[in-house]
$ cat coords.txt   # compact mmCIF, C-alpha atoms
# COMPACT_ATOMS: atom_id res chain seq x y z
CA MET A 1 17.95 -3.97 3.81
CA ARG A 2 17.53 -1.28 1.22
CA VAL A 3 14.39 -0.30 -0.61
CA LYS A 4 14.53 -0.02 -4.40
CA ARG A 5 11.66 2.09 -5.58
CA ALA A 6 9.69 0.66 -8.52
CA ALA A 7 6.57 1.71 -10.40
CA ALA A 8 3.39 0.59 -8.61
CA LEU A 9 2.07 -1.49 -11.51
CA PRO A 10 5.11 -2.58 -13.61
CA PHE A 11 3.81 -5.17 -15.99
CA LEU A 12 6.41 -6.61 -18.37
CA VAL A 13 6.22 -4.85 -21.72
CA SER A 14 7.47 -6.81 -24.71
CA ALA A 15 8.69 -4.60 -27.53
CA VAL A 16 7.74 -5.65 -31.01
CA LEU A 17 10.33 -4.47 -33.45
CA VAL A 18 9.30 -4.15 -37.09
CA ALA A 19 12.03 -3.61 -39.65
CA LEU A 20 10.87 -1.79 -42.68
CA SER A 21 12.66 -2.06 -45.99
CA GLY A 22 11.98 -0.20 -49.22
CA CYS A 23 12.55 -1.40 -52.77
CA ALA A 24 12.87 0.89 -55.75
CA ALA A 25 10.30 0.18 -58.43
CA GLY A 26 11.61 -0.39 -61.93
CA SER A 27 10.63 -1.81 -65.29
CA GLY A 28 13.77 -3.91 -65.65
CA GLY A 29 17.16 -3.17 -67.30
CA THR A 30 19.91 -0.99 -65.82
CA ALA A 31 19.04 1.65 -63.29
CA ALA A 32 19.79 5.28 -64.13
CA PRO A 33 23.13 6.53 -62.78
CA GLU A 34 21.48 8.87 -60.29
CA SER A 35 19.52 5.96 -58.89
CA ARG A 36 22.71 3.91 -58.42
CA THR A 37 24.39 6.85 -56.71
CA ALA A 38 21.48 7.40 -54.35
CA THR A 39 21.44 3.72 -53.45
CA ALA A 40 25.19 3.62 -52.85
CA HIS A 41 25.02 6.51 -50.38
CA ALA A 42 21.82 5.50 -48.59
CA THR A 43 22.13 5.48 -44.79
CA PRO A 44 21.19 2.05 -43.34
CA THR A 45 18.27 2.02 -40.95
CA PRO A 46 19.62 1.49 -37.41
CA THR A 47 18.38 -1.51 -35.49
CA PRO A 48 16.25 -0.28 -32.58
CA THR A 49 17.63 -1.05 -29.13
CA PRO A 50 15.21 -3.22 -27.13
CA GLU A 51 13.93 -1.66 -23.94
CA PRO A 52 15.56 -3.20 -20.85
CA VAL A 53 13.43 -5.69 -18.96
CA ASP A 54 12.58 -4.74 -15.38
CA PRO A 55 13.50 -7.87 -13.40
CA ILE A 56 11.05 -7.11 -10.60
CA ALA A 57 8.21 -6.59 -13.09
CA ALA A 58 9.10 -9.83 -14.84
CA TRP A 59 9.15 -11.67 -11.52
CA VAL A 60 5.76 -10.22 -10.53
CA ASP A 61 4.21 -11.24 -13.86
CA GLU A 62 5.52 -14.78 -13.50
CA ARG A 63 4.36 -15.03 -9.89
CA MET A 64 0.90 -13.74 -10.63
CA ALA A 65 0.44 -16.07 -13.60
CA ALA A 66 0.73 -19.02 -11.20
CA MET A 67 -1.67 -17.65 -8.55
CA THR A 68 -5.29 -18.71 -8.11
CA LEU A 69 -8.03 -16.21 -7.34
CA GLU A 70 -8.04 -17.43 -3.72
CA GLN A 71 -4.30 -16.86 -3.43
CA LYS A 72 -4.64 -13.37 -4.86
CA ALA A 73 -7.42 -12.59 -2.37
CA ALA A 74 -5.26 -13.75 0.54
CA ALA A 75 -2.41 -11.59 -0.77
CA LEU A 76 -4.53 -8.49 -0.10
CA LEU A 77 -4.30 -9.01 3.67
CA MET A 78 -1.93 -7.79 6.38
CA LEU A 79 -2.74 -9.24 9.81
CA HIS A 80 -1.65 -9.29 13.43
CA ALA A 81 -1.38 -12.23 15.79
CA PRO A 82 -0.53 -11.36 19.40
CA GLY A 83 2.45 -12.70 21.30
CA THR A 84 6.10 -13.50 20.77
CA ASP A 85 5.61 -17.06 19.58
CA PRO A 86 6.43 -17.04 15.85
CA ALA A 87 4.11 -19.98 15.06
CA PRO A 88 0.84 -17.98 14.81
CA LEU A 89 2.57 -15.34 12.68
CA ARG A 90 4.09 -17.98 10.41
CA ALA A 91 0.68 -19.66 10.10
CA LEU A 92 -0.74 -16.43 8.67
CA VAL A 93 2.10 -16.21 6.15
CA ASP A 94 1.61 -19.86 5.22
CA ALA A 95 -2.07 -19.02 4.61
CA GLY A 96 -0.93 -16.60 1.92
CA VAL A 97 -1.24 -13.16 3.52
CA SER A 98 1.16 -10.49 2.30
CA GLY A 99 2.01 -8.85 5.56
CA LEU A 100 2.17 -8.88 9.33
CA ILE A 101 1.82 -5.91 11.65
CA LEU A 102 3.75 -6.03 14.91
CA MET A 103 2.08 -4.46 17.91
CA GLY A 104 3.37 -3.93 21.43
CA ASP A 105 2.49 -7.49 22.41
CA ASN A 106 4.87 -8.81 19.72
CA ILE A 107 7.93 -6.96 21.02
CA PRO A 108 10.43 -8.96 23.11
CA GLY A 109 13.15 -7.20 25.06
CA ASP A 110 15.65 -6.21 22.37
CA PRO A 111 15.99 -5.55 18.62
CA ALA A 112 17.66 -8.89 17.88
CA ALA A 113 14.75 -10.79 19.43
CA VAL A 114 12.18 -8.86 17.37
CA ALA A 115 14.24 -9.43 14.22
CA ALA A 116 14.38 -13.15 15.00
CA LEU A 117 10.60 -13.20 15.38
CA ALA A 118 10.15 -11.49 12.02
CA GLY A 119 12.66 -13.81 10.40
CA ALA A 120 10.91 -16.91 11.73
CA ALA A 121 7.69 -15.72 10.08
CA THR A 122 9.30 -15.51 6.63
CA ALA A 123 8.47 -18.50 4.44
CA ASP A 124 9.98 -17.35 1.14
CA PRO A 125 13.07 -15.09 1.24
CA ALA A 126 12.48 -14.20 -2.42
CA CYS A 127 9.13 -12.71 -1.47
CA PRO A 128 9.23 -11.84 2.23
CA PRO A 129 6.06 -10.70 3.96
CA LEU A 130 5.76 -7.01 4.63
CA ILE A 131 6.56 -6.54 8.33
CA GLY A 132 4.85 -3.35 9.43
CA ILE A 133 5.05 -1.43 12.67
CA ASP A 134 3.62 1.82 14.05
CA GLN A 135 6.76 3.69 15.01
CA GLU A 136 5.93 7.38 15.00
CA GLY A 137 7.84 8.21 18.18
CA GLY A 138 6.19 9.92 21.11
CA GLU A 139 2.56 8.96 21.67
CA VAL A 140 2.63 6.02 19.24
CA GLN A 141 5.61 3.72 19.29
CA ARG A 142 6.24 -0.01 19.66
CA LEU A 143 10.04 -0.02 19.95
CA PRO A 144 11.15 1.47 23.27
CA TRP A 145 14.78 1.66 22.11
CA ASP A 146 13.90 4.29 19.48
CA ASP A 147 15.01 7.50 21.19
CA ALA A 148 14.73 9.83 18.17
CA ALA A 149 12.72 13.02 18.57
CA SER A 150 8.94 12.86 18.24
CA ALA A 151 6.49 15.16 16.48
CA GLU A 152 6.01 17.33 19.55
CA THR A 153 9.66 18.40 19.30
CA LEU A 154 10.08 18.23 15.54
CA ARG A 155 7.26 20.57 14.56
CA ALA A 156 9.07 23.42 16.33
CA ALA A 157 12.48 22.55 14.84
CA PRO A 158 13.96 22.96 11.34
CA SER A 159 12.95 20.29 8.84
CA SER A 160 16.52 18.93 8.89
CA ALA A 161 15.80 17.72 12.43
CA THR A 162 12.86 15.71 11.09
CA HIS A 163 15.07 14.16 8.43
CA ASP A 164 17.64 13.09 11.01
CA ALA A 165 15.05 11.81 13.47
CA PHE A 166 13.34 9.63 10.90
CA ALA A 167 16.63 8.32 9.54
CA SER A 168 17.45 7.20 13.07
CA ARG A 169 13.94 5.86 13.58
CA ALA A 170 14.04 3.92 10.33
CA ALA A 171 17.32 2.33 11.39
CA ALA A 172 15.70 1.22 14.65
CA VAL A 173 12.75 -0.23 12.72
CA ALA A 174 14.95 -2.05 10.21
CA GLY A 175 17.25 -3.29 12.95
CA SER A 176 14.20 -4.86 14.58
CA GLY A 177 13.30 -6.84 11.46
CA ALA A 178 10.46 -4.63 10.20
CA THR A 179 10.41 -3.36 6.63
CA VAL A 180 7.44 -0.96 6.62
CA ASN A 181 7.02 1.92 9.03
CA PHE A 182 3.49 3.18 9.56
CA GLY A 183 5.14 6.16 11.15
CA ILE A 184 4.73 9.38 9.17
CA VAL A 185 1.65 11.34 10.25
CA ALA A 186 0.74 13.63 7.37
CA ASP A 187 -2.31 15.00 9.16
CA VAL A 188 -2.24 18.68 10.08
CA THR A 189 -4.06 20.62 12.80
CA ALA A 190 -3.42 23.59 15.07
CA ASP A 191 -6.10 22.50 17.56
CA PRO A 192 -4.56 21.25 20.84
CA GLY A 193 -7.85 19.54 21.60
CA SER A 194 -7.70 17.39 18.49
CA PHE A 195 -7.32 13.62 18.85
CA ILE A 196 -4.34 13.75 16.49
CA PHE A 197 -2.65 16.99 17.64
CA GLY A 198 0.18 15.38 19.62
CA ARG A 199 1.23 13.35 16.58
CA VAL A 200 1.27 15.90 13.74
CA LEU A 201 4.53 17.20 12.28
CA GLY A 202 3.11 20.64 11.57
CA THR A 203 0.26 22.89 12.67
CA ASP A 204 -0.14 24.51 9.24
CA PRO A 205 -0.16 22.84 5.79
CA ALA A 206 3.16 24.29 4.61
CA GLY A 207 5.03 23.46 7.80
CA ALA A 208 3.60 19.96 7.92
CA ALA A 209 4.41 19.38 4.23
CA GLU A 210 8.04 20.40 4.69
CA ARG A 211 8.53 17.99 7.60
CA VAL A 212 6.55 15.13 6.05
CA ALA A 213 8.79 15.29 2.99
CA ALA A 214 11.86 15.38 5.24
CA ALA A 215 10.63 12.32 7.15
CA VAL A 216 10.20 10.36 3.90
CA ALA A 217 13.68 11.40 2.78
CA GLY A 218 15.09 10.30 6.12
CA GLU A 219 13.58 6.83 5.83
CA ARG A 220 14.52 6.39 2.17
CA GLY A 221 16.56 3.30 1.47
CA ILE A 222 16.10 1.96 5.00
CA VAL A 223 12.40 1.09 5.33
CA ALA A 224 9.28 1.68 3.24
CA SER A 225 7.49 4.87 4.32
CA THR A 226 3.78 5.25 4.99
CA LEU A 227 1.80 8.49 5.06
CA LYS A 228 -1.32 8.54 7.25
CA HIS A 229 -4.27 9.12 7.69
CA PHE A 230 -5.48 10.09 4.20
CA PRO A 231 -7.29 12.36 3.35
CA GLY A 232 -6.43 14.06 6.66
CA HIS A 233 -7.52 13.40 10.23
CA GLY A 234 -6.67 16.84 11.53
CA ALA A 235 -9.75 18.38 9.90
CA ALA A 236 -12.01 15.61 11.24
CA PRO A 237 -12.66 15.96 14.99
CA GLY A 238 -13.11 12.73 16.90
CA ASP A 239 -11.33 9.40 17.30
CA SER A 240 -11.58 7.06 14.32
CA HIS A 241 -10.91 4.08 16.58
CA SER A 242 -14.46 4.33 17.85
CA SER A 243 -16.37 6.56 15.38
CA ILE A 244 -16.37 7.93 11.85
CA PRO A 245 -15.04 11.47 12.37
CA SER A 246 -16.40 14.02 9.94
CA ALA A 247 -14.51 16.94 8.35
CA PRO A 248 -16.59 20.00 7.37
CA LEU A 249 -14.44 20.93 4.37
CA SER A 250 -15.21 21.27 0.69
CA LEU A 251 -12.98 19.64 -1.90
CA ASP A 252 -11.27 22.95 -2.66
CA GLU A 253 -10.69 23.57 1.06
CA TRP A 254 -9.17 20.10 1.32
CA ARG A 255 -6.86 20.83 -1.63
CA ALA A 256 -5.64 24.02 0.04
CA GLY A 257 -5.13 22.41 3.46
CA PRO A 258 -5.03 18.71 4.40
CA ALA A 259 -3.94 17.62 0.91
CA VAL A 260 -0.71 19.62 0.99
CA PRO A 261 1.36 17.40 3.35
CA PHE A 262 0.20 14.23 1.58
CA ALA A 263 1.19 15.67 -1.79
CA ALA A 264 4.62 16.56 -0.41
CA GLY A 265 5.14 13.07 1.02
CA ILE A 266 4.06 11.44 -2.22
CA ASP A 267 6.39 13.66 -4.23
CA ALA A 268 9.19 12.70 -1.83
CA GLY A 269 8.66 9.03 -2.70
CA ALA A 270 6.55 7.43 0.05
CA GLU A 271 5.81 3.82 -0.85
CA LEU A 272 2.49 3.52 1.01
CA VAL A 273 -0.45 5.73 1.94
CA MET A 274 -2.81 4.69 4.74
CA THR A 275 -6.47 5.66 4.36
CA GLY A 276 -8.43 6.69 7.43
CA HIS A 277 -11.88 5.66 8.58
CA LEU A 278 -13.03 9.28 8.41
CA ALA A 279 -15.39 11.18 6.15
CA TYR A 280 -15.56 14.48 4.28
CA PRO A 281 -19.32 14.53 3.56
CA ALA A 282 -19.04 17.38 1.04
CA VAL A 283 -16.83 15.09 -1.05
CA ASP A 284 -18.23 11.64 -0.19
CA PRO A 285 -20.27 10.59 2.85
CA ALA A 286 -18.48 7.21 2.97
CA PRO A 287 -15.35 6.78 5.09
CA ALA A 288 -12.27 7.43 2.95
CA SER A 289 -11.14 3.81 3.41
CA LEU A 290 -14.29 2.68 1.59
CA SER A 291 -14.61 5.59 -0.83
CA PRO A 292 -13.94 5.26 -4.58
CA VAL A 293 -13.91 9.06 -4.78
CA TRP A 294 -11.02 9.45 -2.35
CA HIS A 295 -9.03 6.63 -3.92
CA GLN A 296 -9.43 8.28 -7.32
CA LEU A 297 -8.30 11.63 -5.94
CA LEU A 298 -5.27 9.96 -4.37
CA ARG A 299 -4.32 8.27 -7.63
CA ASP A 300 -5.30 10.81 -10.26
CA GLU A 301 -4.92 14.15 -8.51
CA LEU A 302 -2.04 13.49 -6.11
CA GLY A 303 -0.38 11.03 -8.49
CA PHE A 304 0.23 8.26 -5.96
CA ASP A 305 1.16 4.95 -7.61
CA GLY A 306 2.24 2.92 -4.59
CA VAL A 307 0.39 0.65 -2.17
CA VAL A 308 -2.79 1.96 -0.52
CA VAL A 309 -3.27 0.31 2.87
CA THR A 310 -6.30 0.78 5.10
CA ASP A 311 -6.16 1.68 8.74
CA ASP A 312 -7.12 -1.25 10.98
CA MET A 313 -10.34 -2.61 9.51
CA LEU A 314 -11.57 -3.70 12.94
CA MET A 315 -11.97 -0.04 13.80
CA LEU A 316 -15.02 0.01 11.53
CA GLN A 317 -16.62 -2.69 13.64
CA HIS A 318 -15.62 -1.03 16.90
CA ASN A 319 -17.80 2.00 16.12
CA GLU A 320 -20.86 -0.31 16.35
CA LEU A 321 -22.64 1.26 13.39
CA PRO A 322 -24.80 -1.42 11.74
CA GLU A 323 -23.55 -0.66 8.22
CA PHE A 324 -20.03 -1.73 9.27
CA ALA A 325 -20.93 -4.80 11.30
CA ASP A 326 -20.07 -7.34 8.59
CA PRO A 327 -16.28 -7.77 8.21
CA GLY A 328 -16.64 -9.50 4.84
CA GLU A 329 -18.72 -6.64 3.46
CA ASN A 330 -16.21 -4.10 4.78
CA ALA A 331 -13.39 -5.95 3.01
CA VAL A 332 -15.28 -6.07 -0.27
CA ARG A 333 -16.14 -2.39 -0.13
CA ALA A 334 -12.54 -1.42 0.60
CA ILE A 335 -11.07 -3.44 -2.28
CA ALA A 336 -13.79 -2.31 -4.69
CA ALA A 337 -13.11 1.31 -3.71
CA GLY A 338 -9.42 1.02 -4.55
CA ALA A 339 -7.58 -0.24 -1.46
CA ASP A 340 -4.69 -2.61 -2.15
CA LEU A 341 -3.89 -3.96 1.31
CA LEU A 342 -6.37 -4.54 4.16
CA LEU A 343 -4.95 -4.18 7.66
CA TYR A 344 -6.36 -6.16 10.61
CA VAL A 345 -5.07 -5.93 14.17
CA LEU A 346 -6.56 -9.22 15.30
CA PRO A 347 -6.92 -10.51 18.86
CA ALA A 348 -5.89 -14.03 19.85
CA ASP A 349 -9.36 -15.23 18.87
CA PRO A 350 -10.37 -13.41 15.65
CA SER A 351 -13.71 -15.21 15.63
CA GLU A 352 -14.71 -12.75 18.35
CA PHE A 353 -15.22 -10.32 15.47
CA GLY A 354 -16.34 -12.90 12.94
CA ILE A 355 -13.00 -12.82 11.15
CA SER A 356 -10.82 -15.55 9.68
CA VAL A 357 -8.48 -15.66 6.72
CA PRO A 358 -10.69 -18.17 4.86
CA GLY A 359 -13.72 -16.02 5.60
CA LEU A 360 -12.15 -12.83 4.24
CA VAL A 361 -10.78 -14.67 1.22
CA GLY A 362 -14.22 -16.17 0.59
CA SER A 363 -15.91 -12.76 0.73
CA ILE A 364 -13.44 -11.26 -1.75
CA THR A 365 -13.49 -14.19 -4.19
CA THR A 366 -17.30 -14.30 -4.15
CA ALA A 367 -17.38 -10.58 -4.94
CA VAL A 368 -15.02 -11.12 -7.87
CA GLN A 369 -17.01 -14.07 -9.20
CA SER A 370 -20.23 -12.06 -9.02
CA GLY A 371 -18.67 -9.11 -10.84
CA ARG A 372 -18.85 -6.78 -7.89
CA ILE A 373 -15.06 -6.48 -7.81
CA PRO A 374 -13.46 -6.55 -11.28
CA MET A 375 -10.65 -9.07 -11.64
CA ALA A 376 -8.48 -6.24 -12.95
CA ARG A 377 -8.93 -4.42 -9.62
CA VAL A 378 -7.58 -7.44 -7.72
CA ASP A 379 -4.72 -7.91 -10.17
CA GLU A 380 -3.53 -4.31 -9.93
CA ALA A 381 -3.61 -4.48 -6.13
CA VAL A 382 -1.69 -7.77 -6.01
CA ALA A 383 0.86 -6.46 -8.51
CA ARG A 384 1.56 -3.39 -6.39
CA ILE A 385 1.93 -5.48 -3.24
CA LEU A 386 4.19 -8.08 -4.84
CA THR A 387 6.31 -5.32 -6.36
CA LEU A 388 6.88 -3.82 -2.93
CA ARG A 389 7.57 -7.22 -1.35
CA ARG A 390 10.06 -8.15 -4.03
CA SER A 391 11.80 -4.76 -3.87
CA LEU A 392 12.38 -5.27 -0.16
CA ALA A 393 14.03 -8.62 -0.82
CA VAL A 394 16.64 -7.47 -3.36
$ encode --input "coords.txt" --output "structure tokens"
Amino acid sequence: MRVKRAAALPFLVSAVLVALSGCAAGSGGTAAPESRTATAHATPTPTPTPEPVDPIAAWVDERMAAMTLEQKAAALLMLHAPGTDPAPLRALVDAGVSGLILMGDNIPGDPAAVAALAGAATADPACPPLIGIDQEGGEVQRLPWDDAASAETLRAAPSSATHDAFASRAAAVAGSGATVNFGIVADVTADPGSFIFGRVLGTDPAGAAERVAAAVAGERGIVASTLKHFPGHGAAPGDSHSSIPSAPLSLDEWRAGPAVPFAAGIDAGAELVMTGHLAYPAVDPAPASLSPVWHQLLRDELGFDGVVVTDDMLMLQHNELPEFADPGENAVRAIAAGADLLLYVLPADPSEFGISVPGLVGSITTAVQSGRIPMARVDEAVARILTLRRSLAV
């Protein structure tokens, strides 16, 4: 299945063509000879050629026009259900979510079995759910049959090795029925004691940028690529699975360091960027996943126009800070900040964390109805997601 890259928000533009004609003014009688000559040799105004219609944009517009607010809210979710029974996964798709993330507990013994599981969860082939997987290689991988080199090897090798490794890795992901790889770590650090060190593709910004771009190029046309963990975990000591790591950098220091690999991956065409639950207090004390400032920098300064997906939203609750205890509030803050797709790695009983699809949808729709989240914010997020889903189906 090949990915056709499209603009992140491609609304159908109807061209209005206005033909202008001029008439010579006269007082009646026969026109002067020079006037007749000028008229006879006048060049006709060419008919403008209508701009071609983007079929994916047209499809997205039509789809969105038929969606309720509740359906749009559900479309902002990507969830996990454990196990190899397709029924719980299909139930999430039938509830309207846009994506599923496969974890280790979803992986049967061979690629064909995983692909069958993903296929059984697809309700509408014209708009398949995004099937995501964390397949970095090395420390983080779900598919044991992916034997391509990992970051530990690649960061000491030429960037061509990264291209080849991620082309092979993408083929393993696609062959297993997944369409989105959460696999390109754009973080950078030279600290062996860092939580993320074993997973980075470079220990300096330039080296990491070169290999991140190569990884995106390797995956191109095979799966959709994801850069993580924006704005950069390498500068933020600590584990974001259980805390909100803090980076002591100014905005200019970020631009000169952690931003560089993300910019390279975006320029190379990555379809998704994953925000981290980590903070740069000099820029914004809020975690980047909930920060309007970081989303604006990602869009306006780095020029990213694809899908912004959060890291697992349950991680915010795992840190046990009271301000992140309410999953509905976390969802509202993330969407209001600029996130398009909310990721949840749910256990068998999501109520353990106070989470359900109707509950999350209710929190988002209530926030829209109260004006806390503008309807335009939801629409742009849904349009980006549907564009990616449709592009993966054609």
$ residues_near_point --input "coords.txt" --point "(12.9, 2.2, 14.3)" --cutoff "10 Å" --atoms "all atoms listed in the file" --output "ChimeraX atom specification"
/A:111,133-137,141-148,165-181,183,219,222-223
$ atom_distance --input "coords.txt" --atom1 "CA of Lys228 (chain A)" --atom2 "CA of Ser289 (chain A)"
11.6 Å
$ atom_distance --input "coords.txt" --atom1 "CA of Asp54 (chain A)" --atom2 "CA of Ala121 (chain A)"
28.2 Å
$ closest_atom_pairs --input "coords.txt" --of "region 70-178 of chain A" --to "region 334-348 of chain A" --cutoff "12 Å" --atoms "all atoms listed in the file" --output "Markdown table"
| residue | atom | partner | partner_atom | distance |
| --- | --- | --- | --- | --- |
| A:Lys72 | CA | A:Asp340 | CA | 11.1 |
| A:Ala73 | CA | A:Ile335 | CA | 9.9 |
| A:Ala74 | CA | A:Leu341 | CA | 9.9 |
| A:Ala75 | CA | A:Leu341 | CA | 8.0 |
| A:Leu76 | CA | A:Leu341 | CA | 4.8 |
| A:Leu77 | CA | A:Leu342 | CA | 5.0 |
| A:Met78 | CA | A:Leu343 | CA | 4.9 |
| A:Leu79 | CA | A:Tyr344 | CA | 4.8 |
| A:His80 | CA | A:Val345 | CA | 4.9 |
| A:Ala81 | CA | A:Leu346 | CA | 6.0 |
| A:Pro82 | CA | A:Ala348 | CA | 6.0 |
| A:Gly83 | CA | A:Ala348 | CA | 8.6 |
| A:Asp85 | CA | A:Ala348 | CA | 11.9 |
| A:Pro88 | CA | A:Ala348 | CA | 9.3 |
| A:Leu89 | CA | A:Ala348 | CA | 11.2 |
| A:Leu92 | CA | A:Leu346 | CA | 11.4 |
| A:Val97 | CA | A:Leu341 | CA | 9.8 |
| A:Ser98 | CA | A:Leu341 | CA | 8.3 |
| A:Gly99 | CA | A:Leu343 | CA | 8.6 |
| A:Leu100 | CA | A:Leu343 | CA | 8.7 |
| A:Ile101 | CA | A:Val345 | CA | 7.3 |
| A:Leu102 | CA | A:Val345 | CA | 8.9 |
| A:Met103 | CA | A:Val345 | CA | 8.2 |
| A:Gly104 | CA | A:Val345 | CA | 11.3 |
| A:Asp105 | CA | A:Pro347 | CA | 10.5 |
| A:Asn106 | CA | A:Val345 | CA | 11.7 |
| A:Leu130 | CA | A:Leu341 | CA | 10.7 |
| A:Ile131 | CA | A:Leu343 | CA | 11.8 |
| A:Gly132 | CA | A:Leu343 | CA | 10.0 |
| A:Ile133 | CA | A:Val345 | CA | 11.2 |
| A:Asp134 | CA | A:Val345 | CA | 11.6 |
$ write_last_selection --input "coords.txt" --atoms "C-alpha atoms" --output "compact mmCIF listing (two decimals), keeping the file's coordinate frame"
# COMPACT_ATOMS: atom_id res chain seq x y z
CA LYS A 72 -4.64 -13.37 -4.86
CA ALA A 73 -7.42 -12.59 -2.37
CA ALA A 74 -5.26 -13.75 0.54
CA ALA A 75 -2.41 -11.59 -0.77
CA LEU A 76 -4.53 -8.49 -0.10
CA LEU A 77 -4.30 -9.01 3.67
CA MET A 78 -1.93 -7.79 6.38
CA LEU A 79 -2.74 -9.24 9.81
CA HIS A 80 -1.65 -9.29 13.43
CA ALA A 81 -1.38 -12.23 15.79
CA PRO A 82 -0.53 -11.36 19.40
CA GLY A 83 2.45 -12.70 21.30
CA ASP A 85 5.61 -17.06 19.58
CA PRO A 88 0.84 -17.98 14.81
CA LEU A 89 2.57 -15.34 12.68
CA LEU A 92 -0.74 -16.43 8.67
CA VAL A 97 -1.24 -13.16 3.52
CA SER A 98 1.16 -10.49 2.30
CA GLY A 99 2.01 -8.85 5.56
CA LEU A 100 2.17 -8.88 9.33
CA ILE A 101 1.82 -5.91 11.65
CA LEU A 102 3.75 -6.03 14.91
CA MET A 103 2.08 -4.46 17.91
CA GLY A 104 3.37 -3.93 21.43
CA ASP A 105 2.49 -7.49 22.41
CA ASN A 106 4.87 -8.81 19.72
CA LEU A 130 5.76 -7.01 4.63
CA ILE A 131 6.56 -6.54 8.33
CA GLY A 132 4.85 -3.35 9.43
CA ILE A 133 5.05 -1.43 12.67
CA ASP A 134 3.62 1.82 14.05
$ atom_distance --input "coords.txt" --atom1 "CA of Phe197 (chain A)" --atom2 "CA of Ala213 (chain A)"
18.7 Å
$ residues_around --input "coords.txt" --residues "region 315-327 of chain A" --least-positions-apart "3" --cutoff "8 Å" --atoms "only C-alpha atoms" --output "ChimeraX atom specification"
/A:240-244,277,311-312,330-331,353-355,360
$ write_last_selection --input "coords.txt" --atoms "C-alpha atoms" --output "compact mmCIF listing (two decimals), keeping the file's coordinate frame"
# COMPACT_ATOMS: atom_id res chain seq x y z
CA SER A 240 -11.58 7.06 14.32
CA HIS A 241 -10.91 4.08 16.58
CA SER A 242 -14.46 4.33 17.85
CA SER A 243 -16.37 6.56 15.38
CA ILE A 244 -16.37 7.93 11.85
CA HIS A 277 -11.88 5.66 8.58
CA ASP A 311 -6.16 1.68 8.74
CA ASP A 312 -7.12 -1.25 10.98
CA ASN A 330 -16.21 -4.10 4.78
CA ALA A 331 -13.39 -5.95 3.01
CA PHE A 353 -15.22 -10.32 15.47
CA GLY A 354 -16.34 -12.90 12.94
CA ILE A 355 -13.00 -12.82 11.15
CA LEU A 360 -12.15 -12.83 4.24
$ residues_near_point --input "coords.txt" --point "(2.0, 12.9, -3.8)" --cutoff "8 Å" --atoms "only C-alpha atoms" --output "list in words"
Phe262, Ala263, Ala264, Gly265, Ile266, Asp267, Ala268, Gly269, Leu298, Leu302, Gly303 and Phe304 of chain A
$ axis_aligned_box --input "coords.txt" --around "region 324-341 of chain A" --padding-each-side "4 Å" --output "JSON"
{"center_x": -12.4, "center_y": -4.1, "center_z": 3.3, "size_x": 25.0, "size_y": 18.8, "size_z": 24.0}
$ residues_around --input "coords.txt" --residues "Pro261 (chain A)" --least-positions-apart "6" --cutoff "6 Å" --atoms "only C-alpha atoms" --output "ChimeraX atom specification"
/A:186,208-209
$ residues_around --input "coords.txt" --residues "region 192-196 of chain A" --least-positions-apart "2" --cutoff "10 Å" --atoms "all atoms listed in the file" --output "PyMOL selection string"
chain A and resi 139+185+187-190+198-200+203+229+233-240
$ build_atoms --input "coords.txt" --residues "region 277-284 of chain A" --atoms "N, CA, C and O atoms" --output "PDB file, in the frame of the given file"
ATOM      1  N   HIS A 277     -10.439   5.904   8.468  1.00  0.00           N
ATOM      2  CA  HIS A 277     -11.880   5.660   8.580  1.00  0.00           C
ATOM      3  C   HIS A 277     -12.532   6.974   9.025  1.00  0.00           C
ATOM      4  O   HIS A 277     -13.022   7.124  10.146  1.00  0.00           O
ATOM      5  N   LEU A 278     -12.502   7.957   8.133  1.00  0.00           N
ATOM      6  CA  LEU A 278     -13.030   9.280   8.410  1.00  0.00           C
ATOM      7  C   LEU A 278     -13.653   9.825   7.136  1.00  0.00           C
ATOM      8  O   LEU A 278     -13.299   9.405   6.040  1.00  0.00           O
ATOM      9  N   ALA A 279     -14.599  10.725   7.294  1.00  0.00           N
ATOM     10  CA  ALA A 279     -15.390  11.180   6.150  1.00  0.00           C
ATOM     11  C   ALA A 279     -15.293  12.690   5.953  1.00  0.00           C
ATOM     12  O   ALA A 279     -15.135  13.452   6.914  1.00  0.00           O
ATOM     13  N   TYR A 280     -15.374  13.086   4.687  1.00  0.00           N
ATOM     14  CA  TYR A 280     -15.560  14.480   4.280  1.00  0.00           C
ATOM     15  C   TYR A 280     -16.888  14.490   3.519  1.00  0.00           C
ATOM     16  O   TYR A 280     -16.913  14.303   2.301  1.00  0.00           O
ATOM     17  N   PRO A 281     -18.008  14.688   4.210  1.00  0.00           N
ATOM     18  CA  PRO A 281     -19.320  14.530   3.560  1.00  0.00           C
ATOM     19  C   PRO A 281     -19.526  15.374   2.321  1.00  0.00           C
ATOM     20  O   PRO A 281     -20.268  14.972   1.418  1.00  0.00           O
ATOM     21  N   ALA A 282     -18.882  16.543   2.232  1.00  0.00           N
ATOM     22  CA  ALA A 282     -19.040  17.380   1.040  1.00  0.00           C
ATOM     23  C   ALA A 282     -18.392  16.737  -0.182  1.00  0.00           C
ATOM     24  O   ALA A 282     -18.718  17.094  -1.317  1.00  0.00           O
ATOM     25  N   VAL A 283     -17.492  15.788   0.051  1.00  0.00           N
ATOM     26  CA  VAL A 283     -16.830  15.090  -1.050  1.00  0.00           C
ATOM     27  C   VAL A 283     -17.442  13.716  -1.257  1.00  0.00           C
ATOM     28  O   VAL A 283     -17.749  13.304  -2.378  1.00  0.00           O
ATOM     29  N   ASP A 284     -17.626  12.968  -0.161  1.00  0.00           N
ATOM     30  CA  ASP A 284     -18.230  11.640  -0.190  1.00  0.00           C
ATOM     31  C   ASP A 284     -18.616  11.295   1.240  1.00  0.00           C
ATOM     32  O   ASP A 284     -17.774  11.384   2.145  1.00  0.00           O
TER      33      ASP A 284
END
